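Engineer: Got a file for you: model_28.txt, compact mmCIF, C-alpha atoms.
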# COMPACT_ATOMS: atom_id res chain seq x y z
CA MET A 1 -74.79 -172.19 -34.99
CA SER A 2 -73.61 -168.83 -36.28
CA THR A 3 -76.42 -167.36 -34.15
CA MET A 4 -74.67 -168.43 -30.97
CA THR A 5 -74.03 -165.43 -28.73
CA ASN A 6 -70.77 -164.64 -27.00
CA ARG A 7 -72.45 -165.15 -23.63
CA GLN A 8 -73.63 -168.63 -24.58
CA LEU A 9 -70.15 -169.51 -25.80
CA ASP A 10 -68.54 -168.26 -22.61
CA ALA A 11 -70.96 -170.30 -20.48
CA MET A 12 -70.12 -173.55 -22.29
CA GLN A 13 -68.24 -176.32 -20.56
CA ASP A 14 -65.44 -178.11 -22.38
CA GLY A 15 -67.66 -181.01 -23.42
CA GLU A 16 -70.39 -178.72 -24.73
CA ARG A 17 -67.83 -176.71 -26.61
CA ALA A 18 -66.50 -179.85 -28.28
CA VAL A 19 -70.02 -180.83 -29.32
CA TRP A 20 -70.62 -177.33 -30.67
CA PHE A 21 -67.33 -177.41 -32.55
CA ASN A 22 -68.21 -180.74 -34.19
CA SER A 23 -71.61 -179.44 -35.26
CA LEU A 24 -70.25 -176.45 -37.20
CA THR A 25 -70.85 -176.17 -40.93
CA GLY A 26 -68.03 -175.72 -43.44
CA ASP A 27 -68.18 -171.91 -43.49
CA GLU A 28 -68.47 -171.73 -39.71
CA SER A 29 -65.44 -173.97 -39.35
CA LEU A 30 -63.48 -171.67 -41.66
CA VAL A 31 -64.34 -168.70 -39.48
CA VAL A 32 -63.52 -170.56 -36.26
CA LEU A 33 -60.17 -171.76 -37.52
CA MET A 34 -59.15 -168.38 -38.93
CA PRO A 35 -56.84 -166.34 -36.65
CA VAL A 36 -58.90 -163.72 -34.87
CA GLY A 37 -56.51 -160.98 -35.94
CA HIS A 38 -57.43 -161.64 -39.54
CA ARG A 39 -61.11 -161.14 -38.74
CA VAL A 40 -60.37 -157.56 -37.76
CA THR A 41 -58.15 -157.11 -40.80
CA PHE A 42 -61.02 -158.15 -43.07
CA LEU A 43 -63.29 -155.61 -41.40
CA LEU A 44 -60.72 -152.87 -41.79
CA ILE A 45 -60.26 -153.67 -45.46
CA ALA A 46 -64.00 -153.26 -46.01
CA LEU A 47 -63.98 -150.03 -44.00
CA ALA A 48 -61.03 -148.60 -45.93
CA LYS A 49 -62.71 -149.43 -49.21
CA ARG A 50 -65.85 -147.66 -48.07
CA ALA A 51 -63.80 -144.57 -47.26
CA LEU A 52 -62.22 -144.71 -50.73
CA VAL A 53 -65.55 -145.12 -52.47
CA GLN A 54 -67.21 -142.35 -50.48
CA GLY A 55 -64.63 -139.79 -51.56
CA GLY A 56 -63.85 -136.46 -49.96
CA MET A 57 -60.12 -137.16 -50.03
CA THR A 58 -57.17 -135.38 -51.52
CA VAL A 59 -54.97 -137.16 -54.01
CA GLY A 60 -52.36 -137.67 -51.30
CA ASP A 61 -54.90 -139.20 -48.90
CA GLN A 62 -56.26 -141.47 -51.59
CA LEU A 63 -52.80 -142.67 -52.55
CA GLN A 64 -51.82 -143.21 -48.93
CA MET A 65 -55.01 -145.11 -48.15
CA LEU A 66 -54.56 -147.40 -51.15
CA GLU A 67 -50.92 -148.06 -50.33
CA ARG A 68 -51.76 -148.94 -46.75
CA LEU A 69 -54.60 -151.12 -47.91
CA MET A 70 -52.28 -153.09 -50.16
CA ALA A 71 -49.75 -153.32 -47.34
CA LEU A 72 -52.26 -155.44 -45.39
CA THR A 73 -51.63 -158.37 -47.72
CA ASP A 74 -49.66 -161.34 -46.48
CA THR A 75 -49.56 -165.07 -47.11
CA PHE A 76 -53.15 -165.49 -45.86
CA ILE A 77 -54.76 -162.28 -47.13
CA THR A 78 -53.31 -162.34 -50.61
CA PRO A 79 -54.01 -159.53 -53.11
CA ALA A 80 -56.75 -161.70 -54.66
CA VAL A 81 -58.41 -162.15 -51.27
CA LEU A 82 -58.18 -158.42 -50.59
CA ALA A 83 -59.71 -157.66 -53.96
CA ALA A 84 -62.65 -159.94 -53.17
CA VAL A 85 -63.73 -157.85 -50.16
CA GLN A 86 -66.41 -155.32 -51.01
CA PRO A 87 -66.80 -151.98 -49.20
CA CYS A 88 -68.88 -152.21 -46.04
CA CYS A 89 -72.32 -150.63 -45.68
CA GLU A 90 -73.23 -147.67 -43.51
CA THR A 91 -74.49 -149.92 -40.69
CA ALA A 92 -71.21 -151.80 -40.54
CA ASP A 93 -69.34 -148.50 -40.65
CA LYS A 94 -71.28 -147.31 -37.60
CA MET A 95 -70.76 -150.62 -35.80
CA ILE A 96 -67.00 -150.41 -36.29
CA GLY A 97 -67.02 -146.79 -35.16
CA GLU A 98 -68.93 -147.72 -31.98
CA ALA A 99 -66.52 -150.56 -31.26
CA LEU A 100 -63.45 -148.35 -31.76
CA ALA A 101 -64.99 -145.79 -29.42
CA LEU A 102 -64.83 -148.38 -26.61
CA ASP A 103 -61.07 -147.98 -26.43
CA GLY A 104 -60.96 -144.22 -26.18
CA GLU A 105 -57.31 -143.27 -25.70
CA ASN A 106 -56.12 -146.88 -25.63
CA GLY A 107 -54.02 -147.11 -28.76
CA ARG A 108 -53.76 -150.89 -28.53
CA LEU A 109 -57.48 -151.19 -29.37
CA THR A 110 -57.85 -154.07 -26.90
CA LYS A 111 -61.59 -153.80 -26.23
CA SER A 112 -62.62 -153.03 -29.77
CA TRP A 113 -60.37 -155.76 -31.09
CA ASN A 114 -62.00 -158.32 -28.80
CA MET A 115 -65.45 -157.02 -29.64
CA LEU A 116 -65.02 -156.97 -33.42
CA SER A 117 -63.33 -160.36 -33.56
CA SER A 118 -65.83 -162.12 -31.30
CA TRP A 119 -67.94 -164.86 -32.83
CA GLU A 120 -71.31 -163.15 -32.40
CA VAL A 121 -70.28 -159.70 -33.68
CA PHE A 122 -68.20 -160.96 -36.56
CA TRP A 123 -71.13 -162.99 -37.88
CA HIS A 124 -73.23 -159.81 -37.92
CA PHE A 125 -70.63 -158.30 -40.23
CA LEU A 126 -70.60 -161.42 -42.39
CA ARG A 127 -74.38 -161.19 -42.83
CA LEU A 128 -74.17 -157.49 -43.71
CA ASN A 129 -71.32 -158.01 -46.19
CA PRO A 130 -71.39 -161.51 -47.76
CA SER A 131 -68.25 -160.72 -49.75
CA LEU A 132 -66.31 -161.14 -46.49
CA LEU A 133 -67.30 -164.80 -46.33
CA GLU A 134 -66.33 -165.24 -49.99
CA ALA A 135 -62.94 -163.72 -49.23
CA ILE A 136 -62.50 -166.01 -46.20
CA ARG A 137 -63.32 -169.03 -48.36
CA LEU A 138 -60.78 -167.83 -50.88
CA ALA A 139 -58.13 -167.24 -48.22
CA SER A 140 -58.72 -170.64 -46.61
CA GLY A 141 -58.66 -172.46 -49.93
CA PRO A 142 -56.02 -175.04 -50.82
CA ARG A 143 -54.06 -172.51 -52.89
CA ASN A 144 -53.21 -170.51 -49.81
CA ALA A 145 -52.47 -173.40 -47.46
CA PRO A 146 -48.93 -174.34 -48.60
CA GLN A 147 -47.83 -170.71 -48.66
CA ALA A 148 -49.10 -170.19 -45.14
CA CYS A 149 -47.27 -173.28 -43.89
CA GLY A 150 -44.08 -172.25 -45.67
CA ALA A 151 -44.18 -168.86 -44.05
CA LEU A 152 -43.86 -170.44 -40.61
CA GLY A 153 -40.46 -171.94 -41.39
CA MET B 1 36.85 -177.15 11.86
CA ASP B 2 35.12 -179.62 9.65
CA ASN B 3 33.31 -178.05 6.69
CA GLY B 4 31.91 -181.30 5.45
CA PRO B 5 32.98 -183.29 2.45
CA VAL B 6 34.68 -181.16 -0.15
CA LYS B 7 34.65 -182.36 -3.70
CA ASP B 8 38.09 -182.69 -5.07
CA GLN B 9 37.92 -180.82 -8.34
CA ASP B 10 41.38 -181.86 -9.39
CA SER B 11 40.70 -185.56 -9.08
CA ALA B 12 39.89 -186.00 -12.82
CA PRO B 13 41.24 -182.98 -14.66
CA HIS B 14 41.18 -184.51 -18.17
CA GLU B 15 37.79 -186.21 -18.02
CA PRO B 16 35.06 -184.23 -19.89
CA ALA B 17 31.90 -183.37 -17.97
CA ARG B 18 29.19 -185.90 -18.73
CA ALA B 19 26.02 -184.47 -20.12
CA LYS B 20 23.08 -185.04 -17.88
CA ARG B 21 20.88 -187.66 -19.51
CA ARG B 22 17.33 -186.70 -19.67
CA LYS B 23 14.95 -189.48 -19.07
CA ARG B 24 12.83 -189.96 -22.14
CA ARG B 25 9.20 -189.90 -21.37
CA ARG B 26 7.28 -192.91 -22.47
CA MET B 27 4.66 -192.14 -25.09
CA GLY B 28 1.17 -193.16 -24.08
CA THR B 29 -1.54 -194.67 -26.22
CA LEU B 30 -3.62 -192.31 -28.26
CA ASN B 31 -7.15 -191.72 -27.13
CA VAL B 32 -10.05 -192.61 -29.41
CA LEU B 33 -13.63 -191.54 -29.64
CA SER B 34 -15.43 -193.69 -27.08
CA GLU B 35 -18.30 -194.48 -29.42
CA PRO B 36 -18.96 -193.50 -33.03
CA LEU B 37 -21.31 -190.62 -33.65
CA PRO B 38 -24.86 -191.89 -34.10
CA VAL B 39 -26.19 -191.83 -37.64
CA VAL B 40 -29.84 -190.80 -37.84
CA GLU B 41 -31.52 -191.89 -41.04
CA GLY B 42 -32.84 -189.04 -43.14
CA THR B 43 -30.57 -186.43 -41.59
CA GLU B 44 -27.15 -185.20 -42.56
CA TRP B 45 -24.55 -182.82 -41.28
CA GLY B 46 -24.62 -179.21 -42.33
CA PRO B 47 -21.96 -177.98 -44.79
CA ALA B 48 -19.64 -176.71 -42.08
CA MET B 49 -19.85 -179.92 -40.04
CA LYS B 50 -19.20 -181.95 -43.21
CA GLU B 51 -16.06 -179.91 -43.84
CA LEU B 52 -14.51 -180.94 -40.52
CA PRO B 53 -11.63 -183.42 -40.97
CA SER B 54 -12.86 -186.16 -38.63
CA ASP B 55 -15.64 -187.41 -36.43
CA ARG B 56 -13.56 -186.40 -33.40
CA HIS B 57 -13.76 -182.77 -34.52
CA ARG B 58 -17.53 -183.11 -34.94
CA ALA B 59 -17.73 -184.73 -31.53
CA PHE B 60 -15.79 -181.79 -30.09
CA VAL B 61 -18.35 -179.36 -31.52
CA LEU B 62 -21.25 -181.41 -30.14
CA ALA B 63 -19.54 -181.87 -26.78
CA LEU B 64 -19.30 -178.11 -26.32
CA TYR B 65 -23.11 -178.11 -26.01
CA GLN B 66 -22.99 -180.89 -23.41
CA VAL B 67 -20.29 -179.81 -20.97
CA PRO B 68 -21.12 -177.13 -18.44
CA PRO B 69 -19.94 -173.74 -19.65
CA GLY B 70 -17.05 -172.05 -17.88
CA TYR B 71 -13.41 -172.60 -17.12
CA GLY B 72 -12.12 -175.87 -18.57
CA ALA B 73 -15.09 -176.46 -20.84
CA HIS B 74 -12.93 -176.72 -23.95
CA VAL B 75 -10.61 -179.27 -22.29
CA LYS B 76 -13.55 -181.36 -21.15
CA ALA B 77 -15.01 -181.27 -24.65
CA ALA B 78 -11.64 -182.29 -26.14
CA LYS B 79 -11.44 -185.22 -23.72
CA LEU B 80 -14.96 -186.32 -24.56
CA ALA B 81 -14.16 -186.11 -28.25
CA GLY B 82 -11.22 -188.50 -27.89
CA PHE B 83 -8.28 -186.17 -28.48
CA GLY B 84 -4.91 -186.47 -26.68
CA SER B 85 -3.31 -189.57 -25.30
CA SER B 86 -3.24 -191.52 -22.07
CA THR B 87 -0.23 -189.52 -20.90
CA SER B 88 -1.28 -186.03 -21.99
CA SER B 89 -0.42 -183.53 -19.30
CA ALA B 90 -2.63 -180.68 -18.21
CA LYS B 91 -0.54 -178.35 -20.35
CA SER B 92 -1.00 -180.63 -23.36
CA TRP B 93 -4.74 -180.67 -22.86
CA SER B 94 -4.74 -176.91 -22.65
CA VAL B 95 -2.87 -176.62 -25.96
CA ILE B 96 -5.08 -179.20 -27.68
CA ALA B 97 -8.27 -177.52 -26.49
CA THR B 98 -7.12 -174.03 -27.45
CA ARG B 99 -6.06 -175.12 -30.92
CA LEU B 100 -9.40 -176.82 -31.46
CA ALA B 101 -11.45 -173.95 -30.08
CA HIS B 102 -9.73 -171.43 -32.35
CA ASP B 103 -9.76 -173.51 -35.49
CA GLU B 104 -11.69 -171.61 -38.18
CA ARG B 105 -13.42 -174.79 -39.34
CA ILE B 106 -14.59 -175.52 -35.80
CA LEU B 107 -15.79 -171.95 -35.37
CA GLU B 108 -17.77 -172.16 -38.59
CA ALA B 109 -19.30 -175.47 -37.48
CA LEU B 110 -20.22 -173.89 -34.14
CA ARG B 111 -21.97 -171.03 -35.92
CA GLU B 112 -23.91 -173.52 -38.00
CA GLU B 113 -24.84 -175.62 -34.99
CA ASP B 114 -25.90 -172.51 -33.03
CA GLN B 115 -28.35 -171.56 -35.74
CA LYS B 116 -29.74 -175.07 -35.91
CA ARG B 117 -30.27 -175.28 -32.16
CA ILE B 118 -31.89 -171.86 -31.95
CA ARG B 119 -34.29 -172.77 -34.73
CA ALA B 120 -35.03 -176.14 -33.16
CA SER B 121 -35.80 -174.56 -29.80
CA ALA B 122 -38.30 -172.07 -31.23
CA PRO B 123 -41.31 -174.40 -30.72
CA ARG B 124 -40.31 -174.91 -27.08
CA ALA B 125 -40.01 -171.16 -26.61
CA ILE B 126 -43.46 -170.67 -28.10
CA ARG B 127 -44.84 -173.42 -25.87
CA ALA B 128 -43.28 -171.73 -22.83
CA LEU B 129 -44.83 -168.44 -23.88
CA GLN B 130 -48.19 -170.17 -24.22
CA ASN B 131 -47.83 -171.55 -20.70
CA ILE B 132 -47.15 -168.05 -19.38
CA ILE B 133 -50.18 -166.64 -21.17
CA GLU B 134 -52.45 -169.44 -19.96
CA ASP B 135 -51.35 -169.00 -16.35
CA PRO B 136 -52.87 -165.77 -14.97
CA ASP B 137 -50.87 -166.15 -11.74
CA HIS B 138 -47.54 -166.17 -13.51
CA ARG B 139 -45.52 -163.07 -12.66
CA ASP B 140 -44.79 -162.45 -16.37
CA HIS B 141 -48.37 -163.11 -17.51
CA ALA B 142 -48.99 -159.53 -18.63
CA ARG B 143 -45.59 -159.27 -20.28
CA GLY B 144 -46.22 -162.49 -22.20
CA ILE B 145 -49.54 -161.20 -23.47
CA GLY B 146 -47.85 -157.95 -24.49
CA MET B 147 -45.20 -159.88 -26.40
CA VAL B 148 -47.83 -161.81 -28.31
CA LEU B 149 -49.86 -158.72 -29.07
CA ASP B 150 -46.78 -156.89 -30.27
CA ARG B 151 -46.22 -159.64 -32.77
CA VAL B 152 -49.79 -159.87 -34.02
CA HIS B 153 -49.47 -158.17 -37.36
CA PRO B 154 -53.11 -157.16 -37.87
CA VAL B 155 -53.28 -155.27 -34.59
CA GLU B 156 -50.26 -153.17 -35.41
CA THR B 157 -51.60 -152.55 -38.90
CA THR B 158 -54.95 -151.52 -37.48
CA HIS B 159 -53.23 -149.03 -35.27
CA HIS B 160 -51.39 -147.48 -38.19
CA VAL B 161 -54.41 -147.32 -40.44
CA LYS B 162 -56.69 -145.69 -37.91
CA VAL B 163 -54.41 -143.43 -35.93
CA GLU B 164 -51.30 -142.48 -37.80
CA HIS B 165 -51.91 -139.63 -40.18
CA ARG B 166 -48.99 -138.08 -41.91
CA ARG B 167 -49.53 -134.99 -43.99
CA THR B 168 -47.57 -135.09 -47.16
CA VAL B 169 -48.37 -132.89 -50.07
CA VAL B 170 -48.85 -135.03 -53.13
CA VAL B 171 -49.38 -133.27 -56.40
CA ALA B 172 -51.82 -134.91 -58.79
CA THR B 173 -49.38 -135.61 -61.55
CA GLU B 174 -49.95 -138.19 -64.27
CA GLU B 175 -47.66 -140.60 -62.45
CA VAL B 176 -49.56 -140.28 -59.17
CA LEU B 177 -52.92 -140.75 -60.85
CA ALA B 178 -51.61 -143.78 -62.69
CA ARG B 179 -50.32 -145.22 -59.43
CA ILE B 180 -53.71 -144.66 -57.77
CA ALA B 181 -55.48 -146.35 -60.68
CA ALA B 182 -53.12 -149.33 -60.50
CA LEU B 183 -53.49 -149.72 -56.73
CA ALA B 184 -57.28 -149.37 -56.93
CA ALA B 185 -57.41 -152.08 -59.59
CA GLN B 186 -55.27 -154.34 -57.40
CA ALA B 187 -57.57 -153.72 -54.46
CA GLY B 188 -60.61 -154.71 -56.50
CA LEU B 189 -61.95 -151.18 -56.94
CA ASP B 190 -62.82 -149.82 -60.35
CA PRO B 191 -60.53 -146.79 -60.81
CA ARG B 192 -63.14 -145.09 -62.99
CA LEU B 193 -65.69 -145.27 -60.19
CA LEU B 194 -63.46 -143.63 -57.62
CA PRO B 195 -64.95 -140.28 -56.62
CA PRO B 196 -63.13 -137.10 -57.62
CA THR B 197 -60.56 -135.81 -55.18
CA ILE B 198 -60.93 -132.51 -53.38
CA ASP B 199 -57.62 -131.01 -54.44
CA GLY B 200 -57.70 -127.46 -55.74
CA ILE B 201 -55.46 -124.58 -56.68
CA CYS B 202 -55.56 -121.63 -54.30
CA GLU B 203 -55.53 -118.29 -56.06
CA GLU B 204 -55.43 -114.89 -54.40
CA ILE B 205 -58.23 -112.89 -55.97
CA SER B 206 -57.94 -109.60 -54.08
CA PRO B 207 -55.43 -108.03 -51.70
CA TYR B 208 -56.34 -107.77 -48.03
CA LEU B 209 -57.86 -104.38 -47.32
CA GLU B 210 -57.64 -102.53 -44.03
CA PRO B 211 -61.07 -101.64 -42.60
CA ALA B 212 -60.72 -97.89 -43.12
CA ASP B 213 -64.47 -97.21 -42.71
CA HIS B 214 -64.36 -97.73 -38.93
CA GLU B 215 -61.70 -95.06 -38.54
CA HIS B 216 -64.02 -92.56 -40.23
CA ASP B 217 -66.88 -93.58 -37.90
CA ASP B 218 -64.79 -92.89 -34.79
CA GLU B 219 -64.02 -89.46 -35.99
The structure given in the file should be rewritten as structure tokens.
Structural biologist:
Amino acid sequence: MSTMTNRQLDAMQDGERAVWFNSLTGDESLVVLMPVGHRVTFLLIALAKRALVQGGMTVGDQLQMLERLMALTDTFITPAVLAAVQPCCETADKMIGEALALDGENGRLTKSWNMLSSWEVFWHFLRLNPSLLEAIRLASGPRNAPQACGALG
Amino acid sequence: MDNGPVKDQDSAPHEPARAKRRKRRRMGTLNVLSEPLPVVEGTEWGPAMKELPSDRHRAFVLALYQVPPGYGAHVKAAKLAGFGSSTSSAKSWSVIATRLAHDERILEALREEDQKRIRASAPRAIRALQNIIEDPDHRDHARGIGMVLDRVHPVETTHHVKVEHRRTVVVATEEVLARIAALAAQAGLDPRLLPPTIDGICEEISPYLEPADHEHDDE
């Protein structure tokens, strides 16, 4: 089911969508139920880690990048979840770059955000970097659930 | 010429003037709260509402949320809460309502109740926002989407990470390097495997020389 394309999903009627939803595996359900904004955050964490590992930064840049990376943590993406994400590969780096190029001068990143968080594209990233799925499992685990609910109040 | 009846002021010179007796107004029966405040199992008043001296005061606070706002709202709330008596005049009602509305305990209870009601109405506000977003024909459709996007934390963070780039000169002191190592460890990166940074010390190795050779060529 993770091979379902965005076009196929868009063409589904409500009934078909319900059937598809019920047929999802555990990992697929985790990805479906995760807020789409967090999908992009996971990708950016992997991208930032790649930039850190690749080098070519000053001390100030390195410090700033690490501080901003740690600032992405919240009740869902805890420091442990963030630490579980491995740097992305070159292919994923290029894919993210292509997606960000869709927006051009649009600072809100609307198109790239939709593209990167879509079901089909996000699963490509999950296949390229399995640590993302591990991190999602960790984030969706029972340890995180009460904190997330408490944050709503 | 008849000027009408003239009172003879000398008719009773030694009789003292009788004080005009004021008719004593009959006291009416005191009003009561029409029905006791409902008790919902599992809930209790907030601290400020508990501090109020009676149920009538609590009813006054609650009634302020029921009566239409505007002129006379406090008097209406006081009437609903069972203050005054059957013979209270308009002036009396005004005094009762003003005293209640400016009582510090009532004001504190109102603040508490305001917060409760705002919190309780948050789900309805979110539902209304959802309705706006789901209705493309709504005149505030785009604004609703903008509001949601503005509050989506990851999008804003993405924007900062990718676009904002502030240049601050950070010197590689022991403290900074230790901070980097600690942050890298927190982020799941081995600090020892981080590549070396590209910082360097600029040193002027020779003074700038004027190209004097060209002058000789021209000559």
Engineer: Counting only C-alpha atoms, which residues of chain A sit at most 9 Å from some atom of chain B, and what is each one's closest atom pair with its distance in Å to one decimal, listed by chain and rising residue number, as JSON lines?
Structural biologist:
{"residue": "A:Gly37", "atom": "CA", "partner": "B:Pro154", "partner_atom": "CA", "distance": 5.5}
{"residue": "A:His38", "atom": "CA", "partner": "B:Pro154", "partner_atom": "CA", "distance": 6.4}
{"residue": "A:Arg39", "atom": "CA", "partner": "B:Pro154", "partner_atom": "CA", "distance": 9.0}
{"residue": "A:Val40", "atom": "CA", "partner": "B:Pro154", "partner_atom": "CA", "distance": 7.3}
{"residue": "A:Thr41", "atom": "CA", "partner": "B:Pro154", "partner_atom": "CA", "distance": 5.8}
{"residue": "A:Leu44", "atom": "CA", "partner": "B:Thr158", "partner_atom": "CA", "distance": 7.3}
{"residue": "A:Ala48", "atom": "CA", "partner": "B:Val161", "partner_atom": "CA", "distance": 8.7}
{"residue": "A:Lys49", "atom": "CA", "partner": "B:Leu189", "partner_atom": "CA", "distance": 8.0}
{"residue": "A:Leu52", "atom": "CA", "partner": "B:Leu194", "partner_atom": "CA", "distance": 7.1}
{"residue": "A:Val53", "atom": "CA", "partner": "B:Leu194", "partner_atom": "CA", "distance": 5.8}
{"residue": "A:Gln54", "atom": "CA", "partner": "B:Pro195", "partner_atom": "CA", "distance": 6.9}
{"residue": "A:Gly55", "atom": "CA", "partner": "B:Pro195", "partner_atom": "CA", "distance": 5.1}
{"residue": "A:Gly56", "atom": "CA", "partner": "B:Ile198", "partner_atom": "CA", "distance": 6.0}
{"residue": "A:Met57", "atom": "CA", "partner": "B:Thr197", "partner_atom": "CA", "distance": 5.3}
{"residue": "A:Thr58", "atom": "CA", "partner": "B:Thr197", "partner_atom": "CA", "distance": 5.0}
{"residue": "A:Val59", "atom": "CA", "partner": "B:Thr197", "partner_atom": "CA", "distance": 5.9}
{"residue": "A:Gly60", "atom": "CA", "partner": "B:Val170", "partner_atom": "CA", "distance": 4.8}
{"residue": "A:Asp61", "atom": "CA", "partner": "B:Arg167", "partner_atom": "CA", "distance": 8.4}
{"residue": "A:Gln62", "atom": "CA", "partner": "B:Ile180", "partner_atom": "CA", "distance": 7.4}
{"residue": "A:Leu63", "atom": "CA", "partner": "B:Ile180", "partner_atom": "CA", "distance": 5.7}
{"residue": "A:Met65", "atom": "CA", "partner": "B:Val161", "partner_atom": "CA", "distance": 8.0}
{"residue": "A:Leu66", "atom": "CA", "partner": "B:Leu183", "partner_atom": "CA", "distance": 6.1}
{"residue": "A:Glu67", "atom": "CA", "partner": "B:Leu183", "partner_atom": "CA", "distance": 7.1}
{"residue": "A:Arg68", "atom": "CA", "partner": "B:Val161", "partner_atom": "CA", "distance": 7.0}
{"residue": "A:Leu69", "atom": "CA", "partner": "B:Ala187", "partner_atom": "CA", "distance": 7.6}
{"residue": "A:Met70", "atom": "CA", "partner": "B:Ala187", "partner_atom": "CA", "distance": 6.8}
{"residue": "A:Ala71", "atom": "CA", "partner": "B:Thr157", "partner_atom": "CA", "distance": 8.7}
{"residue": "A:Leu72", "atom": "CA", "partner": "B:Thr157", "partner_atom": "CA", "distance": 7.1}
{"residue": "A:Pro79", "atom": "CA", "partner": "B:Gln186", "partner_atom": "CA", "distance": 6.9}
{"residue": "A:Ala80", "atom": "CA", "partner": "B:Gln186", "partner_atom": "CA", "distance": 8.0}
{"residue": "A:Leu82", "atom": "CA", "partner": "B:Ala187", "partner_atom": "CA", "distance": 6.1}
{"residue": "A:Ala83", "atom": "CA", "partner": "B:Gly188", "partner_atom": "CA", "distance": 4.0}
{"residue": "A:Ala84", "atom": "CA", "partner": "B:Gly188", "partner_atom": "CA", "distance": 6.5}
{"residue": "A:Val85", "atom": "CA", "partner": "B:Gly188", "partner_atom": "CA", "distance": 7.7}
{"residue": "A:Gln86", "atom": "CA", "partner": "B:Gly188", "partner_atom": "CA", "distance": 8.0}
{"residue": "A:Gly107", "atom": "CA", "partner": "B:His159", "partner_atom": "CA", "distance": 6.8}
{"residue": "A:Arg108", "atom": "CA", "partner": "B:His159", "partner_atom": "CA", "distance": 7.0}
{"residue": "A:Leu109", "atom": "CA", "partner": "B:His159", "partner_atom": "CA", "distance": 7.6}
{"residue": "A:Trp113", "atom": "CA", "partner": "B:Val155", "partner_atom": "CA", "distance": 7.9}
Engineer: Rounded to one decimal, what separation in Å do you get between atom CA of B:Glu112 and atom CA of B:Ser92?
Structural biologist: 28.1 Å
Engineer: Could you please determine the separation between atom CA of B:Ser88 and atom CA of B:Leu33 in Å, to one decimal place?
Structural biologist: 15.5 Å
Engineer: Quick one: what's the axis-aligned box for stretch 134-145 of chain B, all listed atoms, 4 Å on every side, centre and edges in Å to one decimal, as AutoDock Vina command-line options?
Structural biologist:
--center_x -48.8 --center_y -164.4 --center_z -17.6 --size_x 16.1 --size_y 18.2 --size_z 19.7
Engineer: Could you list, as an MDAnalysis selection string, every residue within 12 Å of stretch 53-63 of chain B, counting only C-alpha atoms and ignoring same-chain residues fewer than 3 positions away?
Structural biologist: chainID B and resid 31:39 45:50 66:69 73:84 96:114 117
Engineer: What's the separation between atom CA of A:Leu128 and atom CA of A:Gly141, in Å to one decimal place?
Structural biologist: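 Atom CA of A:Leu128 sits 22.4 Å away from atom CA of A:Gly141.
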Engineer: Check the smallest atom-to-atom distance from each of A:Glu120, A:Ala101, A:Asp74, A:Phe42 to A:Pro87 using only C-alpha atoms, then report the winner.
Structural biologist: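 The answer is A:Phe42, which sits nearest to A:Pro87.
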Engineer: List every protein, DNA or RNA residue with an atom no more than 12 Å from (-61.0, -168.8, -38.2) in the file's coordinates, counting all atoms listed in the file, and format the result as a ChimeraX atom specification.
Structural biologist: /A:26-40,42,76,117-119,122-123,133,136-137,139-140
Engineer: Save the residues we just selected, C-alpha atoms, as a PDB file, keeping the file's coordinate frame?
Structural biologist:
ATOM      1  CA  GLY A  26     -68.030-175.720 -43.440  1.00  0.00           C
ATOM      2  CA  ASP A  27     -68.180-171.910 -43.490  1.00  0.00           C
ATOM      3  CA  GLU A  28     -68.470-171.730 -39.710  1.00  0.00           C
ATOM      4  CA  SER A  29     -65.440-173.970 -39.350  1.00  0.00           C
ATOM      5  CA  LEU A  30     -63.480-171.670 -41.660  1.00  0.00           C
ATOM      6  CA  VAL A  31     -64.340-168.700 -39.480  1.00  0.00           C
ATOM      7  CA  VAL A  32     -63.520-170.560 -36.260  1.00  0.00           C
ATOM      8  CA  LEU A  33     -60.170-171.760 -37.520  1.00  0.00           C
ATOM      9  CA  MET A  34     -59.150-168.380 -38.930  1.00  0.00           C
ATOM     10  CA  PRO A  35     -56.840-166.340 -36.650  1.00  0.00           C
ATOM     11  CA  VAL A  36     -58.900-163.720 -34.870  1.00  0.00           C
ATOM     12  CA  GLY A  37     -56.510-160.980 -35.940  1.00  0.00           C
ATOM     13  CA  HIS A  38     -57.430-161.640 -39.540  1.00  0.00           C
ATOM     14  CA  ARG A  39     -61.110-161.140 -38.740  1.00  0.00           C
ATOM     15  CA  VAL A  40     -60.370-157.560 -37.760  1.00  0.00           C
ATOM     16  CA  PHE A  42     -61.020-158.150 -43.070  1.00  0.00           C
ATOM     17  CA  PHE A  76     -53.150-165.490 -45.860  1.00  0.00           C
ATOM     18  CA  SER A 117     -63.330-160.360 -33.560  1.00  0.00           C
ATOM     19  CA  SER A 118     -65.830-162.120 -31.300  1.00  0.00           C
ATOM     20  CA  TRP A 119     -67.940-164.860 -32.830  1.00  0.00           C
ATOM     21  CA  PHE A 122     -68.200-160.960 -36.560  1.00  0.00           C
ATOM     22  CA  TRP A 123     -71.130-162.990 -37.880  1.00  0.00           C
ATOM     23  CA  LEU A 133     -67.300-164.800 -46.330  1.00  0.00           C
ATOM     24  CA  ILE A 136     -62.500-166.010 -46.200  1.00  0.00           C
ATOM     25  CA  ARG A 137     -63.320-169.030 -48.360  1.00  0.00           C
ATOM     26  CA  ALA A 139     -58.130-167.240 -48.220  1.00  0.00           C
ATOM     27  CA  SER A 140     -58.720-170.640 -46.610  1.00  0.00           C
TER      28      SER A 140
END
